[in-house]
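K.L.:
Quick one: structure below, then a few questions.
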Amino acid sequence: MNESTIHKFLPVLLCALAIPLSMFFWIGNVAYSKITNNNQDNVIPPTRWLFSILIPILLMVYGLKRKGVNKSGAALGLICAIVLSISSHAFLVCLATFFFSSSRATKFRSHLKRKIEEDFRGGEGRRNWAQVICNAGMATQLALLYLLDCGYGERPIDFRQLYRSSWLGVGIMSAFACSNGDTWASELGTVLAKGNPFLITSWKRVPRGTNGGVSFVGLVVSFFGGLAIGLSYYLTIRYTIDSKIYLHSPNQWPIIVFGGVAGLLGSIVDSIIGATVQYSGVDDKGRIVERPGKDVTHICGVRILDNHSVNLISSIIIALLMPSVAMYFWDQF
């Protein structure tokens, strides 16, 4: 069997594995529940196991075929997607929205970005395991806490009656909104803004692509990037939870607004960190580089963190901050 035939039938084989894998995890879940004498209502049904394995596999195959991720990124992304989906399908939808929209944003006018940034690879660039951790790691950790503390299933945001699941749900949504807002700002704002951006710490004009550079267009698209995550979370909750529970719950649409706020704040926090502890310079070809060297003129920042670390820290800050913000303002809507 040649390599092309293997690649052709690999998606089919992976999807076929979803059934025995889901049954294996379900049997293990039932056995664990029996041994620990836990409530059988907490056992995750086999249909949910199947869905939560099959859909992530399909996303992984799509990402590999479209060259959105490499093998290490696909493998780690598969694990994250399964954990997110088992916990709540709303979390998986947030991940899918981030993956598809950010991939499209990265490829938007890639020929212009290649002239600005030294390490830009556009359509040829694939997310690796490190990028998966930085963009989905915090959300996956919170999803594990959600699963262990609250159990599986989709729940409305209700800080009065369902405080823990609501806190974790908003935190997970905000982590993805932060990543998506920052990606939209970086990938779309760079090429849509007409003039050079301002450095967020000094408000001086800096070349496009500079870490910490912000523009009005970039801030607007970061809000809409977060808004897309909030909308996907809202729609999933709206159409997956029982209608009676939904009708007796607080308004759920504010999650859309808080998604936009998380995207905007995430972009601002990312810019502040990037302008201070991430190196930015311009080489003799006019491209932005993230390390000092010969014929490189320093613009801002010191070389402590790289772009991946900045993204991870930003998502952690926003994921921990936004639940408190949402809880304070939710009843005012």
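Just so we're on the same page: first chain in the structure tokens is A, next is B, and so on; residues restart at 1 for each chain, and ligands are numbered from 1 in the order they show up.
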Apply DSSP to the structure's backbone, then extract all residues of stretch 103-316 of chain A labelled strand (DSSP E) and return them as a count of residues only.
P.N.:
13
K.L.:
With a distance cut-off of 7 Å and only C-alpha atoms, select the neighbouring residues of stretch 263-272 of chain A, excluding the residue or stretch itself and same-chain residues fewer than 6 positions from it, and output the selection as an MDAnalysis selection string.
P.N.:
chainID A and resid 177:178 180:182 200:201 211:213 219 222:223 225:226 310:311 314:315 318
K.L.:
Can I get the selected residues back with all heavy atoms, as a CSV table (one decimal), in the first residue's frame?
P.N.:
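Wrote out-v5.csv, looks like this:
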chain,number,residue,atom,x,y,z
A,177,ALA,N,-11.9,33.6,23.9
A,177,ALA,CA,-12.2,34.9,23.3
A,177,ALA,C,-10.9,35.8,23.3
A,177,ALA,O,-10.7,36.6,22.4
A,177,ALA,CB,-13.3,35.6,24.2
A,178,CYS,N,-10.1,35.6,24.4
A,178,CYS,CA,-8.8,36.4,24.4
A,178,CYS,C,-7.9,35.9,23.3
A,178,CYS,O,-7.4,36.8,22.6
A,178,CYS,CB,-8.2,36.1,25.8
A,178,CYS,SG,-6.5,36.6,25.9
A,180,ASN,N,-8.8,34.5,20.4
A,180,ASN,CA,-9.3,34.8,19.1
A,180,ASN,C,-9.3,36.3,18.9
A,180,ASN,O,-8.9,36.8,17.8
A,180,ASN,CB,-10.8,34.4,19.1
A,180,ASN,CG,-11.2,34.1,17.7
A,180,ASN,OD1,-10.5,33.5,16.9
A,180,ASN,ND2,-12.4,34.6,17.3
A,181,GLY,N,-9.6,37.1,19.9
A,181,GLY,CA,-9.5,38.6,19.8
A,181,GLY,C,-8.1,39.0,19.4
A,181,GLY,O,-7.9,39.9,18.6
A,182,ASP,N,-7.1,38.5,20.1
A,182,ASP,CA,-5.7,38.9,19.9
A,182,ASP,C,-5.3,38.4,18.5
A,182,ASP,O,-4.5,39.2,17.8
A,182,ASP,CB,-4.8,38.2,20.9
A,182,ASP,CG,-3.3,38.5,20.7
A,182,ASP,OD1,-3.0,39.7,20.7
A,182,ASP,OD2,-2.5,37.6,20.5
A,200,ILE,N,1.6,50.8,22.7
A,200,ILE,CA,0.6,51.0,23.7
A,200,ILE,C,1.2,51.6,25.0
A,200,ILE,O,0.5,52.2,25.8
A,200,ILE,CB,-0.1,49.6,24.1
A,200,ILE,CG1,-1.4,49.9,24.9
A,200,ILE,CG2,0.9,48.7,24.8
A,200,ILE,CD1,-2.2,48.6,25.0
A,201,THR,N,2.5,51.5,25.2
A,201,THR,CA,3.1,52.0,26.4
A,201,THR,C,3.6,53.4,26.3
A,201,THR,O,3.8,54.1,27.3
A,201,THR,CB,4.3,51.1,26.8
A,201,THR,OG1,5.2,51.0,25.7
A,201,THR,CG2,3.8,49.7,27.3
A,211,ASN,N,5.5,44.2,18.3
A,211,ASN,CA,4.8,43.7,19.5
A,211,ASN,C,4.4,44.8,20.4
A,211,ASN,O,5.3,45.6,20.8
A,211,ASN,CB,5.7,42.7,20.3
A,211,ASN,CG,6.0,41.5,19.4
A,211,ASN,OD1,5.2,40.8,18.9
A,211,ASN,ND2,7.3,41.2,19.3
A,212,GLY,N,3.1,44.9,20.8
A,212,GLY,CA,2.7,46.0,21.6
A,212,GLY,C,2.1,47.2,20.8
A,212,GLY,O,1.6,48.1,21.3
A,213,GLY,N,2.1,47.1,19.5
A,213,GLY,CA,1.5,48.1,18.6
A,213,GLY,C,0.0,47.9,18.5
A,213,GLY,O,-0.5,46.8,18.3
A,219,LEU,N,-8.1,47.2,17.6
A,219,LEU,CA,-9.0,47.0,18.8
A,219,LEU,C,-10.4,46.7,18.5
A,219,LEU,O,-11.0,45.9,19.2
A,219,LEU,CB,-8.9,48.3,19.6
A,219,LEU,CG,-7.5,48.7,20.2
A,219,LEU,CD1,-7.6,50.1,20.9
A,219,LEU,CD2,-7.1,47.6,21.2
A,222,SER,N,-10.5,43.0,17.4
A,222,SER,CA,-10.3,42.2,18.6
A,222,SER,C,-11.6,42.0,19.4
A,222,SER,O,-11.9,40.9,19.9
A,222,SER,CB,-9.2,42.7,19.5
A,222,SER,OG,-9.7,43.9,20.2
A,223,PHE,N,-12.4,43.1,19.5
A,223,PHE,CA,-13.7,43.0,20.1
A,223,PHE,C,-14.6,42.0,19.3
A,223,PHE,O,-15.3,41.2,19.9
A,223,PHE,CB,-14.4,44.4,20.2
A,223,PHE,CG,-15.8,44.4,20.8
A,223,PHE,CD1,-15.9,44.3,22.2
A,223,PHE,CD2,-16.9,44.4,20.0
A,223,PHE,CE1,-17.2,44.3,22.7
A,223,PHE,CE2,-18.1,44.4,20.5
A,223,PHE,CZ,-18.3,44.4,21.9
A,225,GLY,N,-13.7,39.6,17.4
A,225,GLY,CA,-13.1,38.3,17.5
A,225,GLY,C,-13.6,37.6,18.8
A,225,GLY,O,-14.0,36.4,18.8
A,226,GLY,N,-13.6,38.3,19.9
A,226,GLY,CA,-14.2,37.8,21.1
A,226,GLY,C,-15.7,37.6,21.0
A,226,GLY,O,-16.3,36.7,21.6
A,310,VAL,N,3.6,35.0,25.8
A,310,VAL,CA,2.8,36.1,25.9
A,310,VAL,C,1.3,35.8,25.8
A,310,VAL,O,0.4,36.2,26.5
A,310,VAL,CB,3.1,37.3,25.0
A,310,VAL,CG1,2.1,38.4,25.0
A,310,VAL,CG2,4.5,37.8,25.3
A,311,ASN,N,1.0,34.9,24.7
A,311,ASN,CA,-0.4,34.5,24.5
A,311,ASN,C,-0.9,33.7,25.7
A,311,ASN,O,-2.1,33.8,26.1
A,311,ASN,CB,-0.4,33.7,23.2
A,311,ASN,CG,-0.2,34.5,22.0
A,311,ASN,OD1,-0.3,35.7,22.0
A,311,ASN,ND2,0.2,33.8,20.9
A,314,SER,N,-1.6,35.9,28.7
A,314,SER,CA,-2.8,36.8,28.5
A,314,SER,C,-4.0,36.0,28.7
A,314,SER,O,-5.0,36.5,29.3
A,314,SER,CB,-2.7,37.3,27.1
A,314,SER,OG,-1.6,38.1,26.9
A,315,SER,N,-4.1,34.7,28.1
A,315,SER,CA,-5.3,33.9,28.3
A,315,SER,C,-5.5,33.5,29.7
A,315,SER,O,-6.7,33.5,30.2
A,315,SER,CB,-5.2,32.7,27.4
A,315,SER,OG,-4.2,31.8,27.9
A,318,ILE,N,-7.0,36.8,31.5
A,318,ILE,CA,-8.4,37.0,31.1
A,318,ILE,C,-9.3,36.0,31.6
A,318,ILE,O,-10.4,36.3,32.1
A,318,ILE,CB,-8.5,37.2,29.6
A,318,ILE,CG1,-7.6,38.3,29.1
A,318,ILE,CG2,-9.9,37.3,29.2
A,318,ILE,CD1,-8.0,39.7,29.7
K.L.:
Out of A:Ala16, A:Val61, A:Ile86, A:Val30, which residue has the shortest atom-to-atom distance to A:Thr47 when counting only C-alpha atoms?
P.N.:
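Comparing A:Ala16, A:Val61, A:Ile86, A:Val30 against A:Thr47, the winner is A:Ile86.
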K.L.:
So, with only C-alpha atoms as the atoms that count, which of A:Gln278, A:Asn29, A:Asn135, A:Ser102 lies closest to A:Ala175?
P.N.:
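Of A:Gln278, A:Asn29, A:Asn135, A:Ser102, the one nearest A:Ala175 is A:Asn135, counting only C-alpha atoms.
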K.L.:
Please report the interatomic distance between atom CA of A:Tyr234 and atom CA of A:Leu312 in Å with one decimal.
P.N.:
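Calculated distance between atom CA of A:Tyr234 and atom CA of A:Leu312 is 24.4 Å.
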K.L.:
Please determine, counting only C-alpha atoms, which residue among A:Trp129, A:Ile288, A:Ala185, A:Pro254 has the shortest atom-to-atom distance to A:Phe224.
P.N.:
A:Ala185
K.L.:
From a backbone DSSP assignment, name each residue in stretch 99-216 of chain A labelled alpha helix (DSSP H), as a ChimeraX atom specification.
P.N.:
/A:99-107,110-116,129-150,163-184,190-192,216
K.L.:
Could you save those same residues with C-alpha atoms as a compact mmCIF listing (two decimals), in the first residue's frame?
P.N.:
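Output saved as out-v8.txt:
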# COMPACT_ATOMS: atom_id res chain seq x y z
CA PHE A 99 -9.62 27.36 15.14
CA PHE A 100 -11.57 28.09 11.95
CA SER A 101 -11.79 31.87 12.30
CA SER A 102 -8.18 32.39 13.39
CA SER A 103 -6.90 30.15 10.58
CA ARG A 104 -8.80 32.24 8.04
CA ALA A 105 -7.54 35.44 9.64
CA THR A 106 -3.94 34.22 9.45
CA LYS A 107 -4.25 33.56 5.71
CA SER A 110 -0.68 36.83 3.77
CA HIS A 111 1.45 38.31 0.97
CA LEU A 112 1.47 41.66 2.81
CA LYS A 113 2.31 40.11 6.21
CA ARG A 114 5.25 38.27 4.69
CA LYS A 115 6.83 41.63 3.87
CA ILE A 116 6.33 42.91 7.42
CA TRP A 129 1.92 21.59 20.17
CA ALA A 130 3.31 24.72 21.84
CA GLN A 131 0.77 26.95 20.12
CA VAL A 132 -2.03 24.56 21.06
CA ILE A 133 -1.01 24.76 24.72
CA CYS A 134 -0.79 28.56 24.62
CA ASN A 135 -4.20 29.00 22.98
CA ALA A 136 -6.19 26.09 24.46
CA GLY A 137 -4.18 24.98 27.50
CA MET A 138 -5.85 27.26 30.07
CA ALA A 139 -9.33 26.45 28.75
CA THR A 140 -8.62 22.72 28.87
CA GLN A 141 -7.42 22.92 32.49
CA LEU A 142 -10.58 24.77 33.49
CA ALA A 143 -12.66 22.21 31.56
CA LEU A 144 -11.06 19.43 33.62
CA LEU A 145 -11.99 21.30 36.79
CA TYR A 146 -15.52 21.72 35.42
CA LEU A 147 -15.77 17.99 34.75
CA LEU A 148 -14.41 16.97 38.16
CA ASP A 149 -16.29 19.56 40.20
CA CYS A 150 -19.59 20.01 38.33
CA TYR A 163 -21.95 29.50 40.75
CA ARG A 164 -19.09 27.05 40.09
CA SER A 165 -20.18 25.90 36.64
CA SER A 166 -20.97 29.51 35.66
CA TRP A 167 -17.58 30.76 36.88
CA LEU A 168 -15.71 28.03 35.00
CA GLY A 169 -17.90 28.39 31.89
CA VAL A 170 -17.24 32.12 31.61
CA GLY A 171 -13.54 31.52 32.28
CA ILE A 172 -13.24 28.95 29.48
CA MET A 173 -15.18 31.11 27.04
CA SER A 174 -13.02 34.12 27.98
CA ALA A 175 -9.77 32.21 27.43
CA PHE A 176 -10.81 31.42 23.85
CA ALA A 177 -12.20 34.93 23.33
CA CYS A 178 -8.84 36.35 24.44
CA SER A 179 -6.92 34.16 21.99
CA ASN A 180 -9.33 34.84 19.14
CA GLY A 181 -9.47 38.58 19.77
CA ASP A 182 -5.69 38.85 19.87
CA THR A 183 -5.33 36.74 16.71
CA TRP A 184 -7.86 38.85 14.82
CA THR A 190 -2.05 44.73 10.72
CA VAL A 191 -3.23 44.77 7.11
CA LEU A 192 -6.55 46.63 7.43
CA PHE A 216 -8.21 51.59 16.32
K.L.:
Work out how far apart atom CA of A:Leu95 and atom CA of A:Asp158 are and give it in Å to one decimal.
P.N.:
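Pair atom CA of A:Leu95 / atom CA of A:Asp158 returns 22.2 Å.
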K.L.:
Skipping near chain neighbours, those fewer than 6 positions away, what residues fall within 8 Å of A:Leu78 using only C-alpha atoms, listed as a ChimeraX atom specification?
P.N.:
/A:56-57,60
K.L.:
Got time to write the residues from that selection, all heavy atoms, as a tab-separated table (two decimals), in the first residue's frame?
P.N.:
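For reference, out_17.tsv as written:
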chain	number	residue	atom	x	y	z
A	56	PRO	N	-13.92	15.57	17.51
A	56	PRO	CA	-12.52	16.01	17.57
A	56	PRO	C	-11.62	15.31	16.54
A	56	PRO	O	-10.71	15.93	16.01
A	56	PRO	CB	-12.10	15.65	19.00
A	56	PRO	CG	-13.36	15.77	19.78
A	56	PRO	CD	-14.41	15.23	18.88
A	57	ILE	N	-11.88	14.02	16.26
A	57	ILE	CA	-11.09	13.33	15.24
A	57	ILE	C	-11.31	13.98	13.88
A	57	ILE	O	-10.37	14.20	13.11
A	57	ILE	CB	-11.45	11.83	15.19
A	57	ILE	CG1	-10.85	11.11	16.40
A	57	ILE	CG2	-10.95	11.19	13.90
A	57	ILE	CD1	-11.20	9.64	16.48
A	60	MET	N	-9.44	17.14	13.76
A	60	MET	CA	-8.02	16.88	13.62
A	60	MET	C	-7.67	16.56	12.17
A	60	MET	O	-6.69	17.09	11.61
A	60	MET	CB	-7.59	15.73	14.53
A	60	MET	CG	-6.12	15.38	14.43
A	60	MET	SD	-5.70	13.83	15.27
A	60	MET	CE	-6.47	12.64	14.16
K.L.:
Neighbours of A:Thr97 within 8 Å (only C-alpha atoms; same-chain residues fewer than 4 positions away dropped), as a PDB file with C-alpha atoms, in the first residue's frame?
P.N.:
ATOM      1  CA  VAL A  93     -17.805  24.924  19.836  1.00  0.00           C
ATOM      2  CA  SER A 101     -11.790  31.870  12.299  1.00  0.00           C
ATOM      3  CA  ALA A 228     -17.676  35.512  17.748  1.00  0.00           C
ATOM      4  CA  ILE A 229     -16.637  33.214  20.616  1.00  0.00           C
ATOM      5  CA  SER A 232     -20.945  30.523  19.576  1.00  0.00           C
TER       6      SER A 232
END
K.L.:
What does the distance between atom CA of A:Arg303 and atom CA of A:Gly218 come to in Å, to one decimal place?
P.N.:
24.1 Å
K.L.:
Using only C-alpha atoms, determine which residues lie at most 12 Å from A:Gly281, disregarding the query and same-chain residues fewer than 5 positions distant; provide the list as a PyMOL selection string.
P.N.:
chain A and resi 116-118+206-212+275+286-303
